[in-house]
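Structure, as structure tokens:
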Amino acid sequence: MSDSRDAVLSASGVSISYQTQNPVHAVRDVSLTLHRGELLGLAGESGCGKTTLAYGLNRLLKAPALMTSGEIVFHDRHDGDIDVVGLHGDSLRAFRWDKVSMVFQGSMNALNPVLTVRAQLHDVFTTHRPAMGRTERERRSRELLGMVGVDPDRISSFPHQLSGGMRQRVMIAMALALDPQVMIMDEPTTALDVVVQRGIIREIMGLRERLGFAVVFITHDLPLLIEISDRIAIMRDGRIVEYDDAENIYRRPQHEYTRELLASFPSLRGVRGDFIRSGTRRKGARNG
Amino acid sequence: MAERGSGRLEARGLGKVFRMRNGLRITTVHAVREASFTVEAGRTVALVGESGSGKSTIARMLTKLERPTRGEVLIDGVPAAHHGRGLARYRRDVQMVFQDPFGSLNPFHTIRHHLERPVRIHHPHLGSAEVRARVAELLDRVQLSGSKRFAESRPHELSGGQRQRVAIARALAPGSRFIVADEPVSMLDVSIRLGVLNLLADLQREEGLGVLYITHDLATARHFSDEILVMLRGEIVERGDADAVILHPQHDYTKLLLEAAADPDRLGLLRDEVRAGAQTGPADAVG
């Protein structure tokens, strides 16, 4: 029962627009509650506002994007409620990555190509834990790599020496570094091969089980979300059109768009032709 | 020239070795080994596998963008030419649809230009009026109705799905009998993917087009093809009737791919499995 658990991040009435000549209302009146340890799937097609919403939750919006209304409250495990919208300067810097971290879209390419993995992992600690010594930084960095299934000795590697899957794992290690309570993952596995993708998702699920962080998992891959999420929000044109348990979304979709999205993915093992096709197969094709 | 809806495209013992220079050292990569298969007119063959498995190299050898190191490509039983008029004739029969409809259409030119060019090149005897009629017919065949407006627009005015339909029309323009479609929908939004795949299925069914559908998506491979070939590191490790390969996989790699594919019917299973594993596993794994 997800409702019995306490919330870690709640957003209400969030609207974000891009203040260009013809303002684009990318996110409209979105309300979400993320519970502690929950995996919330955010599904939608390109341009539906899912990435903009993720950036809004993390206060990463840059002009011309502007949050025009709404409240975002982070319910800290230790320090009580934090009004995310009101943060600025040092308090905002202390909040980001420490409380809510993010794995960016295409983050395989988000690593700095001219710095070693070591330099990039240490950087998180020198910025956020200035009191930490070099030995401790190194110990913690290696430990993080081990946690995400990368050989700690790869710490001296440059990003180009790692495979796509390993780079993605390094990005996840980086997001885990400060023991955040929420991790926002924007299409974390989209560019990867399915077998690698499955390995990383298993890793994320396992880490969540052990460390207890909540995940906002953003993707257009609805079958994947149904498989792994506790709850799912379906977004379209900046609005959440349906928000329910994964099981209800799959078995009892209420909104027409949810049904349309579900119908876009033919079933792997189900009856052949059990989705909309524009015609019938030629006779005999199946015996071929 | 053979009629549309007849013939067969065959790969016989195709192999491709890439030699790469790394300083003084030369390394060889066997991108494809001994690939043999046939695409008959009116049938769809799916080639599935992960990136680096050699799928695209096969596509490029079939469309003569890459010369095979060994083996050959045959059309209607005759080896395809590597150059000159023979190659031009081959290209009239076999065309390719690329993955990225944003990159494969020239932003400076209208859709009409994209479609007229292959028609003119492959049918130089046609007059302007006939070329225009062909373009209208092509747009109609890919279900871009109101063809006039589409013909005069430029790629940036079209959606991804519409662009990919234009790319298919362009591949059909020479009068092709076979289409090699390399991940034709993976760059498109999910809700329009089936529409484009259905278009290819309609062309295959109604016009007898032979399609080689290259994809990493097992579900659409199963639903949109007659036969599936599974590739692993340059080799076809499993092949057979589409349903048989997906429902009763024989090779370990096919099983692994199927295991890794997202399946909503396994709702919550991974979570339960991970949870059970976490309880029995080492409790102090994290310091």
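Letters A, B, ... go to the chains of the structure tokens in the order shown; residues in each chain start at 1; ligands are counted from 1 in the same order.
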Please determine the contact residues of chain B with respect to chain A at a cut-off of 6 Å, counting only C-alpha atoms, and supply them as a compact mmCIF listing (two decimals) with N, CA and C atoms, in the first residue's frame.
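As written to disk, out-v1.txt reads:
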# COMPACT_ATOMS: atom_id res chain seq x y z
N GLU B 50 21.73 -7.35 -31.30
CA GLU B 50 22.09 -6.13 -30.59
C GLU B 50 23.05 -5.30 -31.42
N SER B 191 3.79 6.01 -30.45
CA SER B 191 2.42 5.88 -30.92
C SER B 191 2.31 5.91 -32.45
N ALA B 219 9.39 -7.95 -30.33
CA ALA B 219 7.94 -8.01 -30.44
C ALA B 219 7.47 -7.62 -31.84
N ALA B 260 15.49 -10.63 -21.64
CA ALA B 260 15.80 -9.23 -21.36
C ALA B 260 14.73 -8.28 -21.88
N ALA B 262 11.38 -6.27 -22.29
CA ALA B 262 10.36 -5.85 -21.32
C ALA B 262 9.07 -6.59 -21.62
N ASP B 263 8.43 -7.07 -20.59
CA ASP B 263 7.18 -7.79 -20.77
C ASP B 263 6.23 -7.39 -19.64
N PRO B 264 5.21 -6.59 -19.96
CA PRO B 264 4.31 -6.12 -18.90
C PRO B 264 3.63 -7.25 -18.14
N ARG B 266 5.03 -9.56 -16.80
CA ARG B 266 5.86 -9.94 -15.65
C ARG B 266 5.83 -8.84 -14.59
N LEU B 267 4.73 -8.10 -14.56
CA LEU B 267 4.52 -6.99 -13.64
C LEU B 267 4.92 -7.34 -12.21
N GLY B 268 5.84 -6.56 -11.67
CA GLY B 268 6.23 -6.75 -10.27
C GLY B 268 7.18 -7.92 -10.01
N VAL B 274 14.24 -9.31 -6.91
CA VAL B 274 15.34 -8.53 -6.35
C VAL B 274 15.20 -8.48 -4.83
Residues within 10 Å of Arg28 (chain A), only C-alpha atoms, excluding chain neighbours under 4 positions, as a PyMOL selection string: chain A and resi 13-17+49+53+67-70+236-240
Separation of CA of Val185 (chain B) from CA of Glu242 (chain A) in Å: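 Taking CA of Glu242 (chain A) as the start and CA of Val185 (chain B) as the end point, the length is 26.1 Å.
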Shell of 8 Å around Arg177 (chain B), only C-alpha atoms, local chain residues under 3 positions omitted, as a list in words: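 That gives Glu3, Arg4, Gly5, Ser6, Ala41, Asp93, Val94, Leu172, Gly208, Leu209 and Gly210 of chain B.
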Straight-line distance linking CA of Leu74 (chain B) with CA of Arg91 (chain B), stated in Å to one decimal: 12.5 Å
Strand (DSSP E or B) call set, DSSP backbone run, region 32-273 of chain B, as a PyMOL selection string: chain B and resi 32-40+44-48+70-75+78-79+94-97+178-182+210-215+227-232+235-241
Those of region 166-243 of chain B in DSSP helix (DSSP H, G or I), formatted as a PyMOL selection string: chain B and resi 166-172+190-207+218-224+242-243
Take the residues from that selection and put them in a file with C-alpha atoms, as a JSON list (two decimals), in the first residue's frame.
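Writing done, so here's part-v6.json:
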[["chain", "number", "residue", "atom", "x", "y", "z"],
["B", 166, "VAL", "CA", 8.71, 9.97, -47.43],
["B", 167, "ALA", "CA", 11.88, 7.89, -46.99],
["B", 168, "ILE", "CA", 9.87, 4.77, -47.84],
["B", 169, "ALA", "CA", 8.37, 6.51, -50.89],
["B", 170, "ARG", "CA", 11.86, 7.45, -52.00],
["B", 171, "ALA", "CA", 12.99, 3.84, -51.62],
["B", 172, "LEU", "CA", 10.03, 2.74, -53.74],
["B", 190, "VAL", "CA", 5.98, 5.05, -29.94],
["B", 191, "SER", "CA", 2.42, 5.88, -30.92],
["B", 192, "ILE", "CA", 3.29, 6.27, -34.61],
["B", 193, "ARG", "CA", 5.62, 3.29, -34.94],
["B", 194, "LEU", "CA", 2.93, 0.77, -35.70],
["B", 195, "GLY", "CA", 1.52, 3.02, -38.42],
["B", 196, "VAL", "CA", 4.83, 2.98, -40.30],
["B", 197, "LEU", "CA", 5.28, -0.76, -39.78],
["B", 198, "ASN", "CA", 1.73, -1.33, -40.96],
["B", 199, "LEU", "CA", 2.52, 0.65, -44.09],
["B", 200, "LEU", "CA", 5.46, -1.66, -44.83],
["B", 201, "ALA", "CA", 3.23, -4.65, -44.10],
["B", 202, "ASP", "CA", 0.59, -3.34, -46.51],
["B", 203, "LEU", "CA", 3.15, -2.83, -49.26],
["B", 204, "GLN", "CA", 4.51, -6.30, -48.65],
["B", 205, "ARG", "CA", 1.05, -7.86, -48.72],
["B", 206, "GLU", "CA", -0.65, -5.88, -51.44],
["B", 207, "GLU", "CA", 2.20, -5.15, -53.80],
["B", 218, "LEU", "CA", 11.63, -8.77, -30.84],
["B", 219, "ALA", "CA", 7.94, -8.01, -30.44],
["B", 220, "THR", "CA", 7.54, -6.13, -33.72],
["B", 221, "ALA", "CA", 9.88, -8.62, -35.42],
["B", 222, "ARG", "CA", 7.47, -11.34, -34.45],
["B", 223, "HIS", "CA", 4.31, -9.54, -35.49],
["B", 224, "PHE", "CA", 5.55, -8.05, -38.74],
["B", 242, "ALA", "CA", 8.66, -15.89, -36.58],
["B", 243, "ASP", "CA", 6.34, -17.45, -33.98]]
Shell around Ile172 (chain A) at 10 Å using only C-alpha atoms, local window under 5 positions removed, as a VMD selection string: chain A and resid 101 to 104 107 144 to 145 147 to 148 166 to 167 177 183 185 188 200 203 to 204
Atomic separation - CA of Thr63 (chain B) relative to CA of Ala31 (chain B), Å: 16.2 Å
Long-range neighbours of Ala136 (chain B) as a ChimeraX atom specification, 12 Å cut-off, only C-alpha atoms, 3 positions minimum in chain: /B:111-112,115-116,119,129-133,139-152,166,169-170,173
Write a file of the selected residues as a PDB file, in the first residue's frame, keeping N, CA and C atoms.
ATOM      1  N   ILE B 111       9.992  17.794 -50.668  1.00  0.00           N
ATOM      2  CA  ILE B 111       9.702  16.365 -50.760  1.00  0.00           C
ATOM      3  C   ILE B 111       9.635  15.972 -52.246  1.00  0.00           C
ATOM      4  N   ARG B 112       9.069  16.880 -53.055  1.00  0.00           N
ATOM      5  CA  ARG B 112       8.995  16.580 -54.489  1.00  0.00           C
ATOM      6  C   ARG B 112      10.383  16.295 -55.058  1.00  0.00           C
ATOM      7  N   LEU B 115      11.677  12.877 -54.247  1.00  0.00           N
ATOM      8  CA  LEU B 115      11.030  11.756 -54.927  1.00  0.00           C
ATOM      9  C   LEU B 115      11.246  11.799 -56.442  1.00  0.00           C
ATOM     10  N   GLU B 116      11.358  13.023 -56.993  1.00  0.00           N
ATOM     11  CA  GLU B 116      11.546  13.116 -58.448  1.00  0.00           C
ATOM     12  C   GLU B 116      12.914  12.605 -58.871  1.00  0.00           C
ATOM     13  N   VAL B 119      13.215   8.905 -59.494  1.00  0.00           N
ATOM     14  CA  VAL B 119      12.385   8.541 -60.641  1.00  0.00           C
ATOM     15  C   VAL B 119      13.108   8.920 -61.929  1.00  0.00           C
ATOM     16  N   ALA B 129       5.508  15.442 -67.046  1.00  0.00           N
ATOM     17  CA  ALA B 129       4.154  15.137 -66.589  1.00  0.00           C
ATOM     18  C   ALA B 129       4.102  13.740 -65.974  1.00  0.00           C
ATOM     19  N   GLU B 130       4.826  12.804 -66.620  1.00  0.00           N
ATOM     20  CA  GLU B 130       4.825  11.436 -66.101  1.00  0.00           C
ATOM     21  C   GLU B 130       5.548  11.362 -64.753  1.00  0.00           C
ATOM     22  N   VAL B 131       6.646  12.127 -64.649  1.00  0.00           N
ATOM     23  CA  VAL B 131       7.382  12.138 -63.383  1.00  0.00           C
ATOM     24  C   VAL B 131       6.487  12.676 -62.271  1.00  0.00           C
ATOM     25  N   ARG B 132       5.771  13.753 -62.574  1.00  0.00           N
ATOM     26  CA  ARG B 132       4.866  14.327 -61.563  1.00  0.00           C
ATOM     27  C   ARG B 132       3.802  13.318 -61.153  1.00  0.00           C
ATOM     28  N   ALA B 133       3.308  12.599 -62.140  1.00  0.00           N
ATOM     29  CA  ALA B 133       2.280  11.594 -61.848  1.00  0.00           C
ATOM     30  C   ALA B 133       2.850  10.492 -60.955  1.00  0.00           C
ATOM     31  N   LEU B 139       3.396   9.177 -53.229  1.00  0.00           N
ATOM     32  CA  LEU B 139       2.884   9.746 -51.981  1.00  0.00           C
ATOM     33  C   LEU B 139       1.595   9.051 -51.575  1.00  0.00           C
ATOM     34  N   ASP B 140       0.814   8.707 -52.575  1.00  0.00           N
ATOM     35  CA  ASP B 140      -0.426   7.994 -52.302  1.00  0.00           C
ATOM     36  C   ASP B 140      -0.141   6.611 -51.728  1.00  0.00           C
ATOM     37  N   ARG B 141       0.867   5.947 -52.293  1.00  0.00           N
ATOM     38  CA  ARG B 141       1.188   4.597 -51.820  1.00  0.00           C
ATOM     39  C   ARG B 141       1.677   4.582 -50.378  1.00  0.00           C
ATOM     40  N   VAL B 142       2.325   5.664 -49.927  1.00  0.00           N
ATOM     41  CA  VAL B 142       2.770   5.701 -48.534  1.00  0.00           C
ATOM     42  C   VAL B 142       1.763   6.430 -47.647  1.00  0.00           C
ATOM     43  N   GLN B 143       0.578   6.601 -48.175  1.00  0.00           N
ATOM     44  CA  GLN B 143      -0.550   7.165 -47.430  1.00  0.00           C
ATOM     45  C   GLN B 143      -0.288   8.575 -46.915  1.00  0.00           C
ATOM     46  N   LEU B 144       0.413   9.347 -47.728  1.00  0.00           N
ATOM     47  CA  LEU B 144       0.510  10.776 -47.432  1.00  0.00           C
ATOM     48  C   LEU B 144      -0.505  11.453 -48.345  1.00  0.00           C
ATOM     49  N   SER B 145      -1.743  11.456 -47.904  1.00  0.00           N
ATOM     50  CA  SER B 145      -2.809  11.970 -48.752  1.00  0.00           C
ATOM     51  C   SER B 145      -2.741  13.496 -48.788  1.00  0.00           C
ATOM     52  N   GLY B 146      -3.519  14.086 -49.679  1.00  0.00           N
ATOM     53  CA  GLY B 146      -3.396  15.522 -49.901  1.00  0.00           C
ATOM     54  C   GLY B 146      -2.003  15.763 -50.441  1.00  0.00           C
ATOM     55  N   SER B 147      -1.624  14.916 -51.391  1.00  0.00           N
ATOM     56  CA  SER B 147      -0.227  14.804 -51.808  1.00  0.00           C
ATOM     57  C   SER B 147       0.362  16.132 -52.287  1.00  0.00           C
ATOM     58  N   LYS B 148      -0.433  17.013 -52.747  1.00  0.00           N
ATOM     59  CA  LYS B 148       0.087  18.268 -53.262  1.00  0.00           C
ATOM     60  C   LYS B 148       0.824  19.031 -52.172  1.00  0.00           C
ATOM     61  N   ARG B 149       0.175  19.156 -51.027  1.00  0.00           N
ATOM     62  CA  ARG B 149       0.780  19.910 -49.944  1.00  0.00           C
ATOM     63  C   ARG B 149       2.094  19.239 -49.495  1.00  0.00           C
ATOM     64  N   PHE B 150       2.076  17.944 -49.364  1.00  0.00           N
ATOM     65  CA  PHE B 150       3.279  17.245 -48.926  1.00  0.00           C
ATOM     66  C   PHE B 150       4.424  17.411 -49.929  1.00  0.00           C
ATOM     67  N   ALA B 151       4.088  17.340 -51.196  1.00  0.00           N
ATOM     68  CA  ALA B 151       5.133  17.402 -52.213  1.00  0.00           C
ATOM     69  C   ALA B 151       5.892  18.719 -52.153  1.00  0.00           C
ATOM     70  N   GLU B 152       5.198  19.785 -51.838  1.00  0.00           N
ATOM     71  CA  GLU B 152       5.859  21.095 -51.847  1.00  0.00           C
ATOM     72  C   GLU B 152       6.502  21.441 -50.503  1.00  0.00           C
ATOM     73  N   VAL B 166       8.045   9.406 -46.251  1.00  0.00           N
ATOM     74  CA  VAL B 166       8.710   9.966 -47.434  1.00  0.00           C
ATOM     75  C   VAL B 166       9.936   9.113 -47.784  1.00  0.00           C
ATOM     76  N   ALA B 169       8.772   6.158 -49.517  1.00  0.00           N
ATOM     77  CA  ALA B 169       8.375   6.505 -50.885  1.00  0.00           C
ATOM     78  C   ALA B 169       9.605   6.648 -51.768  1.00  0.00           C
ATOM     79  N   ARG B 170      10.640   7.264 -51.227  1.00  0.00           N
ATOM     80  CA  ARG B 170      11.864   7.446 -52.001  1.00  0.00           C
ATOM     81  C   ARG B 170      12.499   6.092 -52.335  1.00  0.00           C
ATOM     82  N   ALA B 173      10.660   4.610 -55.155  1.00  0.00           N
ATOM     83  CA  ALA B 173      10.621   5.417 -56.383  1.00  0.00           C
ATOM     84  C   ALA B 173      11.217   4.754 -57.628  1.00  0.00           C
TER      85      ALA B 173
END
